[in-house]
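Dropping run-v3.pdb in here (PDB, C-alpha atoms and all ligand atoms):
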```pdb
ATOM      1  CA  MET A1130      22.270  57.387  -1.042
ATOM      2  CA  ILE A1131      21.275  58.117   2.519
ATOM      3  CA  LYS A1132      24.097  57.521   4.917
ATOM      4  CA  GLN A1133      23.387  55.990   8.227
ATOM      5  CA  LEU A1134      24.592  57.287  11.505
ATOM      6  CA  ARG A1135      26.820  54.653  12.948
ATOM      7  CA  ILE A1136      26.347  55.475  16.540
ATOM      8  CA  ILE A1137      24.281  56.966  19.227
ATOM      9  CA  THR A1138      25.834  56.613  22.568
ATOM     10  CA  THR A1139      25.188  57.307  26.141
ATOM     11  CA  VAL A1140      28.006  58.398  28.307
ATOM     12  CA  MET A1141      27.870  57.363  31.876
ATOM     13  CA  LEU A1142      30.331  59.036  34.141
ATOM     14  CA  VAL A1143      31.922  56.968  36.781
ATOM     15  CA  ILE A1144      33.259  58.980  39.622
ATOM     16  CA  PHE A1145      35.787  57.438  41.863
ATOM     17  CA  PHE A1146      36.236  58.694  45.362
ATOM     18  CA  TYR A1147      39.564  58.342  46.976
ATOM     19  CA  SER A1148      40.214  58.649  50.611
ATOM     20  CA  CYS A1149      43.315  58.520  52.656
ATOM     21  CA  SER A1150      44.164  58.899  56.250
ATOM     22  CA  ASP A1151      47.284  59.486  58.253
ATOM     23  CA  ASP A1152      47.911  57.395  61.234
ATOM     24  CA  GLU A1153      49.981  59.591  63.495
ATOM     25  CA  ASN A1154      49.671  57.434  66.570
ATOM     26  CA  ASN A1155      52.356  54.978  65.619
ATOM     27  CA  LEU A1156      55.144  57.436  64.929
ATOM     28  CA  GLY A1157      58.423  55.878  65.843
ATOM     29  CA  GLU A1158      56.906  52.463  66.371
ATOM     30  CA  MET A1159      57.090  49.399  64.210
ATOM     31  CA  PRO A1160      53.704  47.887  63.505
ATOM     32  CA  GLU A1161      53.242  44.482  65.084
ATOM     33  CA  GLU A1162      52.038  42.946  61.888
ATOM     34  CA  VAL A1163      52.624  44.005  58.314
ATOM     35  CA  VAL A1164      49.795  43.116  55.973
ATOM     36  CA  VAL A1165      50.983  42.852  52.394
ATOM     37  CA  LEU A1166      48.176  43.158  49.890
ATOM     38  CA  PRO A1167      48.420  40.775  46.941
ATOM     39  CA  GLU A1168      49.844  42.506  43.916
ATOM     40  CA  GLU A1169      47.184  43.047  41.281
ATOM     41  CA  PRO A1170      48.143  41.920  37.809
ATOM     42  CA  ILE A1171      49.107  44.779  35.553
ATOM     43  CA  VAL A1172      48.336  44.628  31.846
ATOM     44  CA  SER A1173      51.660  44.671  30.064
ATOM     45  CA  PRO A1174      51.804  46.577  26.763
ATOM     46  CA  ASP A1175      52.427  43.397  24.771
ATOM     47  CA  GLU A1176      49.819  41.238  26.450
ATOM     48  CA  ILE A1177      47.046  39.974  24.177
ATOM     49  CA  ILE A1178      43.691  40.460  25.874
ATOM     50  CA  LYS A1179      41.111  37.872  24.866
ATOM     51  CA  ILE A1180      37.441  38.725  25.131
ATOM     52  CA  PRO A1181      34.651  36.147  24.839
ATOM     53  CA  VAL A1182      31.715  37.315  22.763
ATOM     54  CA  VAL A1183      28.071  36.302  22.950
ATOM     55  CA  ILE A1184      25.908  37.033  19.928
ATOM     56  CA  HIS A1185      22.235  37.600  20.655
ATOM     57  CA  VAL A1186      20.260  37.293  17.434
ATOM     58  CA  ILE A1187      16.759  38.764  17.677
ATOM     59  CA  ASN A1188      15.128  37.899  14.372
ATOM     60  CA  PRO A1189      11.640  39.257  13.616
ATOM     61  CA  PRO A1190       9.372  36.628  11.988
ATOM     62  CA  SER A1191       7.411  39.319  10.163
ATOM     63  CA  ARG A1192      10.560  40.558   8.426
ATOM     64  CA  PRO A1193      13.238  37.903   8.909
ATOM     65  CA  PHE A1194      16.869  38.565   8.079
ATOM     66  CA  ILE A1195      19.611  36.131   7.148
ATOM     67  CA  ILE A1196      22.499  35.701   9.568
ATOM     68  CA  SER A1197      24.275  32.353   9.382
ATOM     69  CA  ASP A1198      26.826  31.110  11.896
ATOM     70  CA  GLU A1199      29.411  31.548   9.124
ATOM     71  CA  LYS A1200      28.476  35.200   8.672
ATOM     72  CA  ILE A1201      28.839  35.722  12.417
ATOM     73  CA  GLN A1202      32.253  34.039  12.417
ATOM     74  CA  SER A1203      33.312  36.263   9.507
ATOM     75  CA  GLN A1204      32.708  39.263  11.781
ATOM     76  CA  ILE A1205      34.794  37.779  14.583
ATOM     77  CA  ASP A1206      37.569  37.237  12.026
ATOM     78  CA  VAL A1207      37.406  40.914  11.001
ATOM     79  CA  LEU A1208      37.699  42.056  14.615
ATOM     80  CA  ASN A1209      40.724  39.843  15.142
ATOM     81  CA  LYS A1210      42.411  41.498  12.209
ATOM     82  CA  ASP A1211      41.424  45.091  12.896
ATOM     83  CA  TYR A1212      42.314  44.971  16.612
ATOM     84  CA  ARG A1213      45.608  43.165  15.907
ATOM     85  CA  LYS A1214      46.811  45.296  12.954
ATOM     86  CA  LYS A1215      46.484  42.180  10.833
ATOM     87  CA  ASN A1216      44.081  43.821   8.400
ATOM     88  CA  LYS A1217      46.026  43.955   5.164
ATOM     89  CA  ASP A1218      44.621  47.326   4.165
ATOM     90  CA  HIS A1219      46.380  49.135   7.043
ATOM     91  CA  VAL A1220      49.317  49.562   4.643
ATOM     92  CA  LYS A1221      47.168  52.103   2.805
ATOM     93  CA  THR A1222      47.639  54.482   5.739
ATOM     94  CA  PRO A1223      49.289  57.708   4.504
ATOM     95  CA  ASP A1224      53.013  57.978   5.282
ATOM     96  CA  GLU A1225      52.529  60.840   7.721
ATOM     97  CA  PHE A1226      50.338  58.615   9.951
ATOM     98  CA  MET A1227      52.034  55.278   9.371
ATOM     99  CA  ASN A1228      54.075  55.294  12.580
ATOM    100  CA  LEU A1229      50.872  55.824  14.573
ATOM    101  CA  VAL A1230      49.124  52.633  13.426
ATOM    102  CA  ALA A1231      48.563  50.388  16.453
ATOM    103  CA  ASP A1232      48.201  46.721  17.173
ATOM    104  CA  VAL A1233      45.615  47.209  19.916
ATOM    105  CA  GLY A1234      46.356  43.703  21.177
ATOM    106  CA  ILE A1235      42.786  42.507  21.681
ATOM    107  CA  GLU A1236      41.325  39.285  20.322
ATOM    108  CA  PHE A1237      37.734  38.119  20.315
ATOM    109  CA  TYR A1238      36.209  34.647  20.269
ATOM    110  CA  LEU A1239      32.722  33.218  20.469
ATOM    111  CA  ALA A1240      32.078  32.259  24.076
ATOM    112  CA  THR A1241      32.423  28.550  24.826
ATOM    113  CA  LYS A1242      30.840  28.686  28.287
ATOM    114  CA  ASP A1243      27.650  30.394  29.348
ATOM    115  CA  PRO A1244      27.335  32.284  32.660
ATOM    116  CA  ASP A1245      26.484  28.979  34.402
ATOM    117  CA  GLY A1246      29.616  27.338  33.028
ATOM    118  CA  LYS A1247      27.707  25.205  30.545
ATOM    119  CA  PRO A1248      28.978  24.692  26.982
ATOM    120  CA  THR A1249      27.666  27.150  24.384
ATOM    121  CA  THR A1250      28.260  28.086  20.762
ATOM    122  CA  GLY A1251      28.244  31.747  21.793
ATOM    123  CA  ILE A1252      25.273  32.363  19.472
ATOM    124  CA  ILE A1253      21.728  32.541  20.831
ATOM    125  CA  ARG A1254      18.788  32.937  18.513
ATOM    126  CA  THR A1255      15.360  34.285  19.402
ATOM    127  CA  GLU A1256      12.417  35.123  17.165
ATOM    128  CA  ALA A1257      10.523  38.232  18.157
ATOM    129  CA  ASP A1258       8.931  41.106  16.323
ATOM    130  CA  ILE A1259      11.032  43.758  17.967
ATOM    131  CA  SER A1260      13.713  46.002  16.531
ATOM    132  CA  GLY A1261      16.952  47.445  17.819
ATOM    133  CA  PHE A1262      14.955  50.435  19.048
ATOM    134  CA  SER A1263      11.814  48.871  20.507
ATOM    135  CA  GLY A1264      11.115  50.742  23.717
ATOM    136  CA  ASN A1265      14.445  52.568  23.390
ATOM    137  CA  ASP A1266      14.678  55.803  21.436
ATOM    138  CA  LEU A1267      18.332  56.208  22.467
ATOM    139  CA  THR A1268      17.682  59.437  24.349
ATOM    140  CA  GLY A1269      18.463  57.756  27.661
ATOM    141  CA  GLU A1270      15.266  59.225  29.088
ATOM    142  CA  LEU A1271      13.023  56.170  28.772
ATOM    143  CA  PRO A1272      13.093  53.493  31.470
ATOM    144  CA  ILE A1273      15.679  50.824  30.718
ATOM    145  CA  GLU A1274      13.153  48.113  31.629
ATOM    146  CA  GLU A1275      11.321  49.008  28.417
ATOM    147  CA  TYR A1276      14.330  48.405  26.144
ATOM    148  CA  LYS A1277      12.808  45.229  24.742
ATOM    149  CA  LEU A1278      15.972  43.979  23.074
ATOM    150  CA  PHE A1279      17.733  43.447  26.391
ATOM    151  CA  PHE A1280      14.970  41.664  28.301
ATOM    152  CA  GLU A1281      13.745  38.138  27.745
ATOM    153  CA  ASN A1282      10.373  38.912  29.316
ATOM    154  CA  LYS A1283       9.880  41.624  26.651
ATOM    155  CA  GLY A1284      10.769  39.334  23.748
ATOM    156  CA  GLY A1285      14.501  40.019  23.637
ATOM    157  CA  GLN A1286      17.357  38.331  25.442
ATOM    158  CA  ASP A1287      18.833  39.121  28.829
ATOM    159  CA  ILE A1288      22.389  40.363  28.624
ATOM    160  CA  TRP A1289      25.165  38.109  29.885
ATOM    161  CA  PRO A1290      27.318  39.745  32.574
ATOM    162  CA  SER A1291      29.295  42.446  30.803
ATOM    163  CA  ASP A1292      32.131  42.048  33.272
ATOM    164  CA  SER A1293      32.725  38.641  31.663
ATOM    165  CA  TYR A1294      31.523  38.970  28.051
ATOM    166  CA  LEU A1295      31.166  41.358  25.164
ATOM    167  CA  ASN A1296      27.462  41.183  24.297
ATOM    168  CA  ILE A1297      26.578  41.870  20.663
ATOM    169  CA  TYR A1298      22.909  42.071  19.686
ATOM    170  CA  ILE A1299      22.030  41.507  16.048
ATOM    171  CA  ALA A1300      18.739  43.284  15.535
ATOM    172  CA  ASP A1301      16.620  44.805  12.826
ATOM    173  CA  MET A1302      17.239  48.519  12.400
ATOM    174  CA  PHE A1303      15.301  48.871   9.207
ATOM    175  CA  ASP A1304      12.783  51.223  10.782
ATOM    176  CA  ARG A1305      15.567  53.804  10.941
ATOM    177  CA  TRP A1306      17.470  52.604   7.895
ATOM    178  CA  GLY A1307      15.735  54.861   5.442
ATOM    179  CA  GLY A1308      15.053  57.769   7.752
ATOM    180  CA  LEU A1309      17.456  58.876  10.437
ATOM    181  CA  GLY A1310      19.120  55.573   9.821
ATOM    182  CA  LEU A1311      21.343  53.717  12.184
ATOM    183  CA  ALA A1312      23.528  50.762  11.369
ATOM    184  CA  GLY A1313      24.517  50.185  14.970
ATOM    185  CA  TYR A1314      24.995  51.698  18.386
ATOM    186  CA  ALA A1315      26.977  50.951  21.506
ATOM    187  CA  TYR A1316      27.218  51.927  25.140
ATOM    188  CA  PHE A1317      30.375  53.363  26.640
ATOM    189  CA  PRO A1318      32.022  51.729  29.661
ATOM    190  CA  GLY A1319      30.124  52.575  32.816
ATOM    191  CA  ALA A1320      26.681  52.092  31.272
ATOM    192  CA  ASP A1321      23.933  50.343  33.201
ATOM    193  CA  PRO A1322      24.995  46.665  33.247
ATOM    194  CA  ARG A1323      21.601  45.641  31.863
ATOM    195  CA  ILE A1324      22.390  47.347  28.544
ATOM    196  CA  ASP A1325      26.218  47.402  28.443
ATOM    197  CA  ALA A1326      26.282  46.040  24.910
ATOM    198  CA  VAL A1327      26.747  46.682  21.210
ATOM    199  CA  VAL A1328      23.829  46.517  18.754
ATOM    200  CA  ILE A1329      24.355  45.981  15.028
ATOM    201  CA  ASP A1330      22.050  45.549  12.053
ATOM    202  CA  PRO A1331      22.573  42.224  10.220
ATOM    203  CA  ARG A1332      22.991  44.065   6.915
ATOM    204  CA  VAL A1333      26.295  45.549   8.046
ATOM    205  CA  PHE A1334      27.516  42.573  10.089
ATOM    206  CA  GLY A1335      30.293  40.262   8.886
ATOM    207  CA  THR A1336      31.588  39.958   5.355
ATOM    208  CA  LEU A1337      29.111  37.519   3.810
ATOM    209  CA  PRO A1338      26.078  38.741   1.880
ATOM    210  CA  PRO A1339      23.517  40.138   2.121
ATOM    211  CA  LEU A1340      25.254  43.406   3.014
ATOM    212  CA  GLU A1341      24.599  47.092   2.384
ATOM    213  CA  ALA A1342      26.834  48.897  -0.114
ATOM    214  CA  GLY A1343      29.709  50.583   1.692
ATOM    215  CA  TYR A1344      29.371  48.244   4.674
ATOM    216  CA  GLU A1345      30.806  45.027   3.268
ATOM    217  CA  LEU A1346      33.918  44.630   5.444
ATOM    218  CA  GLY A1347      32.479  44.369   8.948
ATOM    219  CA  ARG A1348      33.831  47.727  10.076
ATOM    220  CA  THR A1349      30.584  48.859  11.694
ATOM    221  CA  ALA A1350      31.283  46.355  14.481
ATOM    222  CA  THR A1351      34.935  47.430  14.649
ATOM    223  CA  HIS A1352      33.747  51.029  15.125
ATOM    224  CA  GLU A1353      30.967  50.261  17.624
ATOM    225  CA  ILE A1354      33.177  48.019  19.740
ATOM    226  CA  GLY A1355      35.633  50.938  19.694
ATOM    227  CA  HIS A1356      32.961  52.918  21.560
ATOM    228  CA  TRP A1357      32.299  50.004  23.927
ATOM    229  CA  LEU A1358      36.044  50.168  24.588
ATOM    230  CA  ASN A1359      35.798  53.886  25.415
ATOM    231  CA  LEU A1360      36.852  55.450  22.099
ATOM    232  CA  LYS A1361      35.091  58.592  20.938
ATOM    233  CA  HIS A1362      34.776  59.902  17.401
ATOM    234  CA  ILE A1363      37.897  61.583  16.049
ATOM    235  CA  TYR A1364      35.895  64.563  14.773
ATOM    236  CA  GLY A1365      34.449  67.515  16.606
ATOM    237  CA  LYS A1366      30.802  67.876  17.418
ATOM    238  CA  ASP A1367      28.826  70.473  15.489
ATOM    239  CA  GLY A1368      31.716  71.304  13.186
ATOM    240  CA  SER A1369      34.055  72.349  15.954
ATOM    241  CA  CYS A1370      37.811  71.861  16.013
ATOM    242  CA  GLU A1371      37.565  71.114  19.713
ATOM    243  CA  VAL A1372      37.344  67.399  19.236
ATOM    244  CA  GLY A1373      37.617  66.130  22.775
ATOM    245  CA  ASP A1374      38.320  62.515  21.923
ATOM    246  CA  GLU A1375      40.943  62.571  24.676
ATOM    247  CA  VAL A1376      43.514  61.017  22.379
ATOM    248  CA  ALA A1377      46.626  63.064  21.592
ATOM    249  CA  ASP A1378      47.760  61.496  18.333
ATOM    250  CA  THR A1379      44.521  61.808  16.355
ATOM    251  CA  PRO A1380      44.608  65.163  14.521
ATOM    252  CA  ASP A1381      41.816  67.634  15.209
ATOM    253  CA  GLN A1382      39.109  67.260  12.610
ATOM    254  CA  LYS A1383      36.180  69.581  12.110
ATOM    255  CA  SER A1384      33.434  67.147  11.135
ATOM    256  CA  GLN A1385      32.716  63.595  10.151
ATOM    257  CA  ASN A1386      33.687  62.097   6.810
ATOM    258  CA  LEU A1387      31.377  59.841   4.809
ATOM    259  CA  GLY A1388      31.935  57.766   1.693
ATOM    260  CA  LYS A1389      35.438  57.591   0.224
ATOM    261  CA  PRO A1390      37.445  60.792   0.745
ATOM    262  CA  THR A1391      41.025  60.957  -0.540
ATOM    263  CA  HIS A1392      44.171  62.029   1.253
ATOM    264  CA  PRO A1393      45.178  64.796   1.824
ATOM    265  CA  LYS A1394      41.988  66.370   3.107
ATOM    266  CA  SER A1395      42.387  69.014   5.747
ATOM    267  CA  SER A1396      40.574  71.017   8.401
ATOM    268  CA  CYS A1397      41.665  72.673  11.636
ATOM    269  CA  ASP A1398      45.049  73.440   9.979
ATOM    270  CA  THR A1399      45.987  69.785   9.681
ATOM    271  CA  ASN A1400      45.442  66.766   7.463
ATOM    272  CA  GLU A1401      42.497  64.639   8.521
ATOM    273  CA  MET A1402      42.870  61.035   9.611
ATOM    274  CA  PHE A1403      39.595  59.987   7.987
ATOM    275  CA  MET A1404      40.959  56.437   7.567
ATOM    276  CA  ASN A1405      40.683  55.957  11.328
ATOM    277  CA  PHE A1406      38.078  53.404  12.442
ATOM    278  CA  MET A1407      36.460  56.110  14.568
ATOM    279  CA  ASP A1408      35.496  58.318  11.618
ATOM    280  CA  ARG A1409      32.465  57.342   9.528
ATOM    281  CA  VAL A1410      33.786  56.631   6.047
ATOM    282  CA  ASP A1411      32.920  53.524   4.007
ATOM    283  CA  ASP A1412      34.274  50.216   5.270
ATOM    284  CA  ASP A1413      36.955  50.045   2.566
ATOM    285  CA  THR A1414      38.228  53.532   3.452
ATOM    286  CA  MET A1415      38.867  52.975   7.203
ATOM    287  CA  PHE A1416      41.718  50.759   8.366
ATOM    288  CA  MET A1417      43.560  51.944  11.471
ATOM    289  CA  PHE A1418      43.564  52.721  15.180
ATOM    290  CA  THR A1419      46.341  54.878  16.641
ATOM    291  CA  ASN A1420      48.771  54.231  19.490
ATOM    292  CA  GLY A1421      46.906  56.830  21.546
ATOM    293  CA  GLN A1422      43.599  55.042  20.991
ATOM    294  CA  LYS A1423      45.249  51.779  21.992
ATOM    295  CA  GLU A1424      46.461  53.363  25.224
ATOM    296  CA  ARG A1425      43.000  54.714  25.990
ATOM    297  CA  ILE A1426      41.418  51.304  25.385
ATOM    298  CA  ARG A1427      43.953  49.374  27.423
ATOM    299  CA  ALA A1428      43.636  51.755  30.380
ATOM    300  CA  LEU A1429      40.196  50.182  30.839
ATOM    301  CA  PHE A1430      41.801  46.921  31.905
ATOM    302  CA  ASN A1431      44.277  48.279  34.434
ATOM    303  CA  GLU A1432      43.500  48.859  38.084
ATOM    304  CA  GLY A1433      40.704  51.416  38.401
ATOM    305  CA  GLY A1434      39.672  50.898  34.769
ATOM    306  CA  ALA A1435      35.999  50.371  33.965
ATOM    307  CA  ARG A1436      36.593  46.967  32.336
ATOM    308  CA  ARG A1437      39.152  45.708  34.831
ATOM    309  CA  ALA A1438      36.876  42.815  35.885
ATOM    310  CA  LEU A1439      36.488  41.686  32.282
ATOM    311  CA  TYR A1440      40.254  41.428  32.027
ATOM    312  CA  LEU A1441      40.722  39.592  35.322
ATOM    313  CA  LYS A1442      37.904  37.110  34.696
ATOM    314  CA  ASN A1443      39.267  36.148  31.292
ATOM    315  CA  LYS A1444      42.952  36.177  32.125
TER     316      LYS A1444
HETATM  317 ZN    ZN A1501      30.415  56.089  16.354
END
```

Written as structure tokens, how would this file's structure read?
Amino acid sequence: MIKQLRIITTVMLVIFFYSCSDDENNLGEMPEEVVVLPEEPIVSPDEIIKIPVVIHVINPPSRPFIISDEKIQSQIDVLNKDYRKKNKDHVKTPDEFMNLVADVGIEFYLATKDPDGKPTTGIIRTEADISGFSGNDLTGELPIEEYKLFFENKGGQDIWPSDSYLNIYIADMFDRWGGLGLAGYAYFPGADPRIDAVVIDPRVFGTLPPLEAGYELGRTATHEIGHWLNLKHIYGKDGSCEVGDEVADTPDQKSQNLGKPTHPKSSCDTNEMFMNFMDRVDDDTMFMFTNGQKERIRALFNEGGARRALYLKNK
């Protein structure tokens, strides 16, 4: 069976410039007026962060797929387990990693208000013969205006402000399914706001059929949203032990795992954590995030973090 790549991502670097100045003129003097800046809320480690989700369904009439509201809700339910350590299968984590399993403390719900404040189901459906890749070959070199999925005037749907919502596009990926094959992709924080979204094929979304074998538990979305929340893969690129996922408690791992490996499996002089959501094993073989990944995600919501506004607007 041909395995699908779960992700192609574009990294946008956000560079922050800091400046400071010394005021030496007032040495020895009390300022006439002291301006106290309001204290910005800090995300406490135990705080549950709630993120509204809008689902954009772009269904091609020439090759329609089935995606009921119930199937969409089943995916939201999976996310609320996986990101809260409420997924029962996390107990399958090997003993040596068990103390690393994290409750990331994020919950998701279908948006109840649209950007204008009007009531919504959080699910918008459009019929258009475009795929998840129409006008977008994921190289980042084509003009964003041509990414049909993200623009209503090209047949897709305009994104809702990503500083207020998680946008998930359900789109046909079948044109890559049998070739290079992609089940989903996501943009890292800092992406152009017009495309700051997650895209998933309906055949790997939720837990209700029809679903592809190996993708029956909704973990493609768990993985892709991990990228949207700044997580990188836990394995090295090009078979290198220099992983660079910027997370200390995920062991170095030489390359991706597919299918259903069994523990212990080792590379880079250590046992692999292939059961991590940021590897690429089958849905029933991945079941945990680590404390380090949690920290990296939650840093996004603190002052200076790339998704700080999302946190403040939904607090
Ligand atoms: Zn990925």

Practice prompt. Would you mind listing the residues within 12 Å of ligand ZN 1501 (chain A), counting only C-alpha atoms and all ligand atoms, as a PyMOL selection string?
Written response: chain A and resi 1133-1139+1311-1317+1327-1329+1348-1364+1366+1374+1385-1386+1405-1410

Discussion item. Let me make sure I understand: among A:Ser1293, A:Pro1322, A:Thr1419, A:Arg1425, which one has the smallest atom-to-atom distance to Asp1245 in chain A if we use all atoms listed in the file?
Written reply: A:Ser1293

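Interatomic distance, CA of His1185 in chain A to CA of Trp1289 in chain A: 9.7 Å.
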
Fill in: Between CA of Arg1436 in chain A and CA of Lys1242 in chain A - distance in Å to one decimal
19.6 Å

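Picture a line from CA of Gln1202 in chain A to CA of Met1402 in chain A; it runs 29.1 Å.
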
Discussion item. When you look at range 1393-1400 of chain A with a cut-off of 7 Å (counting all atoms listed in the file), what residues show up, excluding the ones that are within fewer than 2 positions of it in the same chain? I need them as a list in words.
Written reply: Cys1370, Pro1380, Asp1381, Gln1382, Lys1383, Thr1391 and Met1402 of chain A

Could you list, as a PDB file with C-alpha atoms, in the coordinates of the input, every residue matched by the PyMOL selection byres (((chain A and resi 1217-1234) around 9) and not hetatm) in this structure?
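Listed below is the output, expr.pdb:
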```pdb
ATOM      1  CA  PRO A1174      51.804  46.577  26.763  1.00  0.00           C
ATOM      2  CA  ASP A1175      52.427  43.397  24.771  1.00  0.00           C
ATOM      3  CA  GLU A1176      49.819  41.238  26.450  1.00  0.00           C
ATOM      4  CA  ILE A1177      47.046  39.974  24.177  1.00  0.00           C
ATOM      5  CA  ILE A1178      43.691  40.460  25.874  1.00  0.00           C
ATOM      6  CA  LYS A1179      41.111  37.872  24.866  1.00  0.00           C
ATOM      7  CA  LYS A1210      42.411  41.498  12.209  1.00  0.00           C
ATOM      8  CA  ASP A1211      41.424  45.091  12.896  1.00  0.00           C
ATOM      9  CA  TYR A1212      42.314  44.971  16.612  1.00  0.00           C
ATOM     10  CA  ARG A1213      45.608  43.165  15.907  1.00  0.00           C
ATOM     11  CA  LYS A1214      46.811  45.296  12.954  1.00  0.00           C
ATOM     12  CA  LYS A1215      46.484  42.180  10.833  1.00  0.00           C
ATOM     13  CA  ASN A1216      44.081  43.821   8.400  1.00  0.00           C
ATOM     14  CA  ILE A1235      42.786  42.507  21.681  1.00  0.00           C
ATOM     15  CA  GLU A1236      41.325  39.285  20.322  1.00  0.00           C
ATOM     16  CA  ASP A1378      47.760  61.496  18.333  1.00  0.00           C
ATOM     17  CA  THR A1379      44.521  61.808  16.355  1.00  0.00           C
ATOM     18  CA  HIS A1392      44.171  62.029   1.253  1.00  0.00           C
ATOM     19  CA  PRO A1393      45.178  64.796   1.824  1.00  0.00           C
ATOM     20  CA  MET A1402      42.870  61.035   9.611  1.00  0.00           C
ATOM     21  CA  MET A1404      40.959  56.437   7.567  1.00  0.00           C
ATOM     22  CA  ASP A1413      36.955  50.045   2.566  1.00  0.00           C
ATOM     23  CA  THR A1414      38.228  53.532   3.452  1.00  0.00           C
ATOM     24  CA  MET A1415      38.867  52.975   7.203  1.00  0.00           C
ATOM     25  CA  PHE A1416      41.718  50.759   8.366  1.00  0.00           C
ATOM     26  CA  MET A1417      43.560  51.944  11.471  1.00  0.00           C
ATOM     27  CA  PHE A1418      43.564  52.721  15.180  1.00  0.00           C
ATOM     28  CA  THR A1419      46.341  54.878  16.641  1.00  0.00           C
ATOM     29  CA  ASN A1420      48.771  54.231  19.490  1.00  0.00           C
ATOM     30  CA  GLY A1421      46.906  56.830  21.546  1.00  0.00           C
ATOM     31  CA  GLN A1422      43.599  55.042  20.991  1.00  0.00           C
ATOM     32  CA  LYS A1423      45.249  51.779  21.992  1.00  0.00           C
ATOM     33  CA  GLU A1424      46.461  53.363  25.224  1.00  0.00           C
ATOM     34  CA  ILE A1426      41.418  51.304  25.385  1.00  0.00           C
ATOM     35  CA  ARG A1427      43.953  49.374  27.423  1.00  0.00           C
TER      36      ARG A1427
END
```

Discussion item. Here's the selection I'm unsure about, the PyMOL selection byres (((chain A and resi 1335) around 8) and not hetatm); applied to the file above, which residues does it give, as an MDAnalysis selection string?
Written reply: chainID A and resid 1200:1205 1207 1333:1334 1336:1337 1345:1347

Item to complete: Spell out the residues picked by the PyMOL selection byres (((chain A and resi 1343) around 6) and not hetatm) here, as a ChimeraX atom specification.
Response: /A:1342,1344-1345,1411-1412

Please rebuild range 1388-1403 of chain A with N, CA and C atoms and give the result as a tab-separated table (two decimals), keeping the file's coordinate frame.
```tsv
chain	number	residue	atom	x	y	z
A	1388	GLY	N	31.55	58.21	3.03
A	1388	GLY	CA	31.94	57.77	1.69
A	1388	GLY	C	33.41	57.44	1.59
A	1389	LYS	N	34.04	57.94	0.50
A	1389	LYS	CA	35.44	57.59	0.22
A	1389	LYS	C	36.28	58.84	-0.05
A	1390	PRO	N	36.58	59.62	0.96
A	1390	PRO	CA	37.44	60.79	0.74
A	1390	PRO	C	38.86	60.35	0.36
A	1391	THR	N	39.64	61.29	-0.18
A	1391	THR	CA	41.02	60.96	-0.54
A	1391	THR	C	41.98	61.87	0.22
A	1392	HIS	N	43.13	61.31	0.53
A	1392	HIS	CA	44.17	62.03	1.25
A	1392	HIS	C	45.00	62.86	0.27
A	1393	PRO	N	45.45	64.08	0.58
A	1393	PRO	CA	45.18	64.80	1.82
A	1393	PRO	C	43.87	65.59	1.79
A	1394	LYS	N	43.19	65.57	2.91
A	1394	LYS	CA	41.99	66.37	3.11
A	1394	LYS	C	42.19	67.05	4.45
A	1395	SER	N	42.01	68.35	4.50
A	1395	SER	CA	42.39	69.01	5.75
A	1395	SER	C	41.28	69.86	6.34
A	1396	SER	N	41.38	70.05	7.64
A	1396	SER	CA	40.57	71.02	8.40
A	1396	SER	C	41.36	71.30	9.67
A	1397	CYS	N	40.99	72.33	10.38
A	1397	CYS	CA	41.66	72.67	11.64
A	1397	CYS	C	43.19	72.75	11.44
A	1398	ASP	N	43.62	73.24	10.29
A	1398	ASP	CA	45.05	73.44	9.98
A	1398	ASP	C	45.86	72.16	9.99
A	1399	THR	N	45.23	71.04	9.71
A	1399	THR	CA	45.99	69.78	9.68
A	1399	THR	C	45.30	68.79	8.75
A	1400	ASN	N	46.06	67.80	8.30
A	1400	ASN	CA	45.44	66.77	7.46
A	1400	ASN	C	44.58	65.84	8.31
A	1401	GLU	N	43.44	65.46	7.76
A	1401	GLU	CA	42.50	64.64	8.52
A	1401	GLU	C	42.89	63.17	8.46
A	1402	MET	N	42.59	62.47	9.54
A	1402	MET	CA	42.87	61.04	9.61
A	1402	MET	C	41.55	60.29	9.39
A	1403	PHE	N	40.93	60.56	8.22
A	1403	PHE	CA	39.60	59.99	7.99
A	1403	PHE	C	39.62	58.47	7.87
```
